[in-house]
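J.: Would you mind keeping the following structure in view while I ask a few things?
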Amino acid sequence: GIPPYRSPRFAALLAPSSPFNLGPDAEAADPAIPVFLRLADEGSADLLATHGARVQLQRGDLVLAHIPLSRLEPVAEMGAVLAMSVSQR
């Protein structure tokens with residue numbers, strides 16, 4: 001089957017006219033997407049790395065991270081993630 005990050009569902013994220021800032025990573029096989037997260041506790045940010053996320057900024061339970069497109073759903077399903085929003089810039 002087709003990988004979820006190559007499905008039509010995610011095509012809008014990769015389009016040049018997309019409002020989402022993918023930066024130079026957009027041409028990668030599995031681009032990293034900037035995502036805002038609210039975590040159950042401050043220590044949960046370490047768990048994001050197990051999904052390939054790169055934490056850019058953390059203030060308490062709020063995190064800005066770049067997460068590979070193919071890992072967005074698994075990260076969203078983590079019990080430690082209370083809220084998640086894809087950055088539009």
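Labeling convention for the structure tokens: chains A, B, ... as they appear, residues from 1 per chain, ligands from 1 in order of appearance.
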Find the residues near Arg59 in chain A: any atom within 12 Å, counting only C-alpha atoms, skip ones fewer than 2 places away on the same chain, and give them as a list of chain:residue names.

T.: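 The neighbour list is A:Phe36, A:Leu37, A:Arg38, A:Leu39, A:Asp41, A:Glu42, A:Gly43, A:Ala45, A:Val55, A:Gln56, A:Leu57, A:Asp61, A:Leu62, A:Val63, A:Leu64, A:Ala65.
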
J.: Quick one: pull the distance between CA of Ala80 in chain A and CA of Pro34 in chain A, Å, one decimal.

T.: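 Calculated distance between CA of Ala80 in chain A and CA of Pro34 in chain A is 18.2 Å.
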